[in-house]
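Right, one structure below, let's go through it.
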Amino acid sequence: MKTEVQTSRFCYFLSVVLSLIALVAIFTPSQALAQNIQDLERSNDIELRTWVGKQDDVRNDRKPQSFSVNEQVILYIEVATPRWFTGGTRIGRIEIPNVIAKQRNQLATNYTAKKQGKTWSRQRWEVTLYPQSSGKFVVPPVPVSVQVSAPNGKSVSGTLYTRPIRFEAKLPSGLVSDEVQWFTATDVDVKQTWSTSNDKLKVGDAITRTVVINAKDSLSVLLPDVLSDRATPKYQAYPKPNKLADMATRGDYQSSRVEETVYVIQQGGELRLPEYQFQWWNSKTKQLETHTVAGKTFIAKHTFQSFLRAYSLWFYIAAVIILATGLMLLTARRYYRNHPMPAWWVLNRLLRDERWSDARTFLYRHLRMNTNELEMSKLLTSDTWLKESGRFQDGDKDRHLFVSLWKVIKGMRTSRFRLASFKALPKLTKAQRNQL
């Protein structure tokens, strides 16, 4: 009898234990089934979210967010677990046509947050995207390798994939186009420095020009190439390799581009290095802004060789003029050896030597030969002529008076010649005049 009671008690105890084991298996399936990362995702022991732009728009899947071309678009990838991470998280490479994707911050942001009374450990990654043209874009599923602690205390690792994210890009203004170089940022600062090889410049010295462009929320490869390497007769330009840098500090993205050009002076005198302009779209104020990089003027001294080289054309022209003048004088000298000298030459020589009587005789001879008149007062009847001829006859020794009278007499000869030529023309009939 006692043995039967013990046996029944043992069976009852065994049934209770088996029932408890079954209940534990029913209500804690993750401990038995958590063999990979997908099991933890199905049991809500790990969470993967991704979005672009503001976090408030995470659930807005129907209408893609719109951004500007060249604007910095941040892709967020966040992994969370109610327990803890047992290893490093890695995200895969992102490739999108016509979009530059760059993971500028190599470290994730770790923090904790409450969810339904539980403390979740979270890791947030940021990838900057820069659309290069207008259109609609899709961020493909991105592989995320994670390693977390399972509810049974074991470490589970695997790869999860983000959901596709859609967004679109448009030109921000009709004043910009894909054919003109411009970029998008929230703030731009430009610094320029000059340095010279000598305080007093001369031909052969060098001028170094450095331009630094700092932009916030942009990418260094998108910043414009400002300085030109175009040379002129006054200088040669030698650009140095550009220095590009991209930095990220606590969500603050800074990019810089350093350009440096050395100008070697080829000619002396004033040297004007030009100014440059570039445009950028301010995504914060929604305005197109223009920045001017100011030029500068320098003065350089000539060397003997550079002086000859700079003014060689003028030296050539001067030599040709001197040679031509010499040949003309030599020809005139040979001609007037056997011919009388010009009247104006003779008159000027007489006036220069103050031979007034000979000059008067020369003018009367000139009057007789050109007008057939013997008296100055009878040539013209105007008051001015009568006054000047009266001074001449009274013996006035004024050089300007002699020259003025000679010019009038010479003009009278030209007028008489034209009148005589006109009278010598044959008369035309009425029919011939009508034809003309």
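Within each chain, counting starts at residue 1; across the structure tokens, chains are named A, B, ... in the order shown, with ligands numbered 1 upward in that order.
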
**OP:** Might you pull out every residue within 12 Å of range 382-392 of chain A, with only C-alpha atoms counted and same-chain residues fewer than 6 positions away left off, and present them as a PyMOL selection string?
**Re:** chain A and resi 356-357+359-361+363-364+375-376+398-406+408-409

Let me see the file: selected residues, C-alpha atoms, as a short mmCIF file (atom, residue, chain, number, x, y, z; two decimals), in the first residue's frame.
data_model
loop_
_atom_site.label_atom_id
_atom_site.label_comp_id
_atom_site.auth_asym_id
_atom_site.auth_seq_id
_atom_site.Cartn_x
_atom_site.Cartn_y
_atom_site.Cartn_z
CA TRP A 356 62.73 142.33 -94.33
CA SER A 357 63.47 144.22 -97.56
CA ALA A 359 61.05 139.47 -97.95
CA ARG A 360 58.98 142.43 -99.21
CA THR A 361 60.51 142.11 -102.67
CA LEU A 363 56.07 138.95 -101.70
CA TYR A 364 55.62 141.58 -104.48
CA GLU A 375 49.80 146.71 -105.51
CA MET A 376 48.70 144.79 -102.46
CA ASP A 398 55.77 141.41 -88.31
CA ARG A 399 56.57 137.81 -89.24
CA HIS A 400 52.92 136.72 -88.88
CA LEU A 401 51.81 139.56 -91.20
CA PHE A 402 54.15 138.39 -93.98
CA VAL A 403 53.02 134.78 -93.64
CA SER A 404 49.33 135.78 -93.64
CA LEU A 405 49.73 137.84 -96.82
CA TRP A 406 51.63 135.02 -98.55
CA VAL A 408 46.16 134.85 -99.15
CA ILE A 409 48.15 135.39 -102.36
#

Using only C-alpha atoms, which residues sit within 9 Å of Asn44 in chain A once same-chain residues fewer than 4 positions away are excluded, as a CSV table (one decimal) with N, CA and C atoms, in the first residue's frame?
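Writing the result to selection36.csv gives the following:
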chain,number,residue,atom,x,y,z
A,39,ASP,N,15.7,35.6,-36.9
A,39,ASP,CA,14.8,35.2,-35.9
A,39,ASP,C,14.6,36.3,-34.8
A,40,LEU,N,15.7,37.0,-34.5
A,40,LEU,CA,15.6,38.1,-33.6
A,40,LEU,C,14.8,39.2,-34.1
A,81,THR,N,18.4,47.5,-30.4
A,81,THR,CA,18.1,46.2,-29.7
A,81,THR,C,17.8,46.5,-28.2
A,82,PRO,N,16.8,45.7,-27.6
A,82,PRO,CA,16.5,45.9,-26.2
A,82,PRO,C,17.6,45.4,-25.3

Identify, with DSSP run on backbone atoms, the residues in range 143-382 of chain A assigned to alpha helix (DSSP H), and express the list as a compact mmCIF listing (two decimals) with C-alpha atoms, in the first residue's frame.
# COMPACT_ATOMS: atom_id res chain seq x y z
CA PHE A 304 67.23 95.45 -70.06
CA GLN A 305 66.21 92.34 -71.98
CA SER A 306 62.54 92.62 -70.99
CA PHE A 307 62.52 96.32 -71.92
CA LEU A 308 63.81 95.54 -75.41
CA ARG A 309 61.35 92.67 -75.72
CA ALA A 310 58.39 94.73 -74.52
CA SER A 312 60.61 95.95 -79.77
CA LEU A 313 57.64 96.84 -82.00
CA TRP A 314 57.92 100.54 -81.18
CA PHE A 315 61.66 100.42 -81.78
CA TYR A 316 61.01 98.86 -85.17
CA ILE A 317 58.41 101.50 -86.10
CA ALA A 318 60.71 104.32 -84.96
CA ALA A 319 63.59 102.92 -87.01
CA VAL A 320 61.39 102.69 -90.11
CA ILE A 321 60.20 106.29 -89.64
CA ILE A 322 63.73 107.58 -89.17
CA LEU A 323 64.97 105.69 -92.22
CA ALA A 324 62.07 106.91 -94.37
CA THR A 325 62.59 110.51 -93.20
CA GLY A 326 66.29 110.31 -94.00
CA LEU A 327 65.60 108.98 -97.50
CA MET A 328 63.05 111.74 -98.12
CA LEU A 329 65.49 114.46 -97.00
CA LEU A 330 68.27 113.00 -99.11
CA THR A 331 65.99 112.83 -102.14
CA ALA A 332 64.76 116.40 -101.61
CA ARG A 333 68.31 117.66 -101.23
CA ARG A 334 69.38 116.05 -104.51
CA TYR A 335 66.27 117.39 -106.27
CA ALA A 343 58.44 129.53 -102.13
CA TRP A 344 57.45 128.86 -98.52
CA TRP A 345 61.00 127.71 -97.79
CA VAL A 346 62.53 130.88 -99.27
CA LEU A 347 60.11 133.12 -97.37
CA ASN A 348 60.79 131.37 -94.05
CA ARG A 349 64.56 131.66 -94.54
CA LEU A 350 64.26 135.41 -95.25
CA LEU A 351 62.01 136.00 -92.21
CA ARG A 352 64.26 133.90 -89.97
CA TRP A 356 62.73 142.33 -94.33
CA SER A 357 63.47 144.22 -97.56
CA ASP A 358 64.21 140.99 -99.44
CA ALA A 359 61.05 139.47 -97.95
CA ARG A 360 58.98 142.43 -99.21
CA THR A 361 60.51 142.11 -102.67
CA PHE A 362 59.75 138.35 -102.60
CA LEU A 363 56.07 138.95 -101.70
CA TYR A 364 55.62 141.58 -104.48
CA ARG A 365 57.18 139.18 -106.98
CA HIS A 366 54.88 136.45 -105.66
CA LEU A 367 51.87 138.84 -106.08
CA ARG A 368 52.85 139.70 -109.66
CA MET A 369 53.41 136.08 -110.72
CA ASN A 370 50.22 134.68 -109.16
CA THR A 371 47.69 137.52 -109.64

Could you pull the residues within 6 Å of range 273-277 of chain A, counting only C-alpha atoms, minus those fewer than 2 positions along the same chain, as an MDAnalysis selection string? chainID A and resid 291:296

With C-alpha atoms retained, export the selected residues as a PDB file, in the first residue's frame.
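Result file is result-v3.pdb:
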ATOM      1  CA  HIS A 291      30.809  85.449 -54.639  1.00  0.00           C
ATOM      2  CA  THR A 292      33.615  87.532 -56.148  1.00  0.00           C
ATOM      3  CA  VAL A 293      37.284  86.688 -55.632  1.00  0.00           C
ATOM      4  CA  ALA A 294      38.968  90.084 -55.968  1.00  0.00           C
ATOM      5  CA  GLY A 295      41.942  90.651 -58.273  1.00  0.00           C
ATOM      6  CA  LYS A 296      45.005  92.759 -57.559  1.00  0.00           C
TER       7      LYS A 296
END

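As for CA of Thr208 in chain A and CA of Ala237 in chain A, they are spaced 9.7 Å apart.
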
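By only C-alpha atoms, and with residues fewer than 4 positions from Val142 in chain A along its chain excluded, the set lying at most 10 Å from it is A:Thr50, A:Ile77, A:Ile91, A:Gly92, A:Arg93, A:Ile94, A:Glu95, A:Thr159, A:Leu160, A:Tyr161, A:Thr162, A:Arg163, A:Pro164.
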
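Neighbouring residues of Val139 in chain A at 7 Å or closer, counting only C-alpha atoms and skipping chain neighbours under 6 positions away, are Ile96, Pro164, Ile165 and Arg166 of chain A.
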
Would you put the residues from that selection into a file with N, CA and C atoms, as a compact mmCIF listing (two decimals), in the first residue's frame?
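File produced: result-v3.txt:
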# COMPACT_ATOMS: atom_id res chain seq x y z
N ILE A 96 24.42 54.59 -56.39
CA ILE A 96 23.21 55.08 -57.03
C ILE A 96 23.63 55.87 -58.27
N PRO A 164 14.08 49.87 -49.42
CA PRO A 164 14.41 50.89 -50.43
C PRO A 164 13.83 52.25 -50.03
N ILE A 165 14.60 53.30 -50.28
CA ILE A 165 14.20 54.67 -49.97
C ILE A 165 14.16 55.46 -51.27
N ARG A 166 13.07 56.20 -51.47
CA ARG A 166 12.91 56.99 -52.68
C ARG A 166 12.97 58.49 -52.35

Item to check | Contacts of Thr249 in chain A at 8 Å (only C-alpha atoms; same-chain gap of 3+ positions) as a list of chain:residue names | outcome: A:Asn105, A:Asp252, A:Tyr253

Practice problem: Output as a ChimeraX atom specification all residues of range 251-317 of chain A that backbone DSSP marks as strand (DSSP E or B). | Solution: /A:252-265,269-273,276-282,287-293,296-301

Just to be explicit: take each residue in the selection above, keep C-alpha atoms, and write the result as a compact mmCIF listing (two decimals), in the first residue's frame.
# COMPACT_ATOMS: atom_id res chain seq x y z
CA ASP A 252 28.51 69.21 -38.76
CA TYR A 253 29.84 68.63 -42.28
CA GLN A 254 32.59 70.93 -43.56
CA SER A 255 34.38 70.83 -46.93
CA SER A 256 37.30 72.88 -48.20
CA ARG A 257 39.13 73.42 -51.47
CA VAL A 258 42.56 75.09 -51.59
CA GLU A 259 43.83 76.44 -54.93
CA GLU A 260 47.29 77.90 -55.40
CA THR A 261 48.75 79.43 -58.55
CA VAL A 262 52.22 80.91 -59.09
CA TYR A 263 52.50 83.78 -61.60
CA VAL A 264 55.97 84.38 -63.07
CA ILE A 265 56.34 87.96 -64.36
CA GLY A 269 55.06 97.80 -65.80
CA GLU A 270 51.53 97.40 -64.44
CA LEU A 271 50.43 93.81 -63.90
CA ARG A 272 46.71 93.19 -63.28
CA LEU A 273 45.70 89.76 -62.01
CA TYR A 276 36.85 85.60 -60.57
CA GLN A 277 33.22 84.85 -59.67
CA PHE A 278 31.27 81.72 -58.81
CA GLN A 279 27.66 80.98 -57.88
CA TRP A 280 26.21 78.78 -55.16
CA TRP A 281 22.72 77.91 -54.00
CA ASN A 282 22.02 78.61 -50.34
CA GLN A 287 18.59 81.99 -52.70
CA LEU A 288 21.24 81.99 -55.42
CA GLU A 289 24.32 83.86 -54.26
CA THR A 290 27.36 85.12 -56.17
CA HIS A 291 30.81 85.45 -54.64
CA THR A 292 33.62 87.53 -56.15
CA VAL A 293 37.28 86.69 -55.63
CA LYS A 296 45.01 92.76 -57.56
CA THR A 297 47.41 95.07 -59.39
CA PHE A 298 51.21 94.89 -59.08
CA ILE A 299 54.03 97.04 -60.47
CA ALA A 300 57.16 95.32 -61.77
CA LYS A 301 60.41 96.86 -63.03

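Here CA of Thr89 in chain A is placed at a distance of 20.1 Å from CA of Ser43 in chain A.
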
> Do you know which residues are at most 7 Å from Phe67 in chain A counting only C-alpha atoms, after dropping those on the same chain fewer than 4 positions away, and could you put them as an MDAnalysis selection string?
Replying inline: chainID A and resid 71 168:170

Can I get the selected residues back with C-alpha atoms, as an mmCIF file, in the first residue's frame?
data_model
loop_
_atom_site.group_PDB
_atom_site.id
_atom_site.type_symbol
_atom_site.label_atom_id
_atom_site.label_comp_id
_atom_site.auth_asym_id
_atom_site.auth_seq_id
_atom_site.Cartn_x
_atom_site.Cartn_y
_atom_site.Cartn_z
ATOM 1 C CA GLU A 71 22.205 69.445 -52.138
ATOM 2 C CA GLU A 168 13.761 63.199 -55.999
ATOM 3 C CA ALA A 169 15.976 66.159 -56.964
ATOM 4 C CA LYS A 170 15.185 69.324 -58.907
#

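Closest to Gly135 in chain A among A:Asn98, A:Gln393, A:Ser177, A:Gln192 is A:Asn98, based on only C-alpha atoms.
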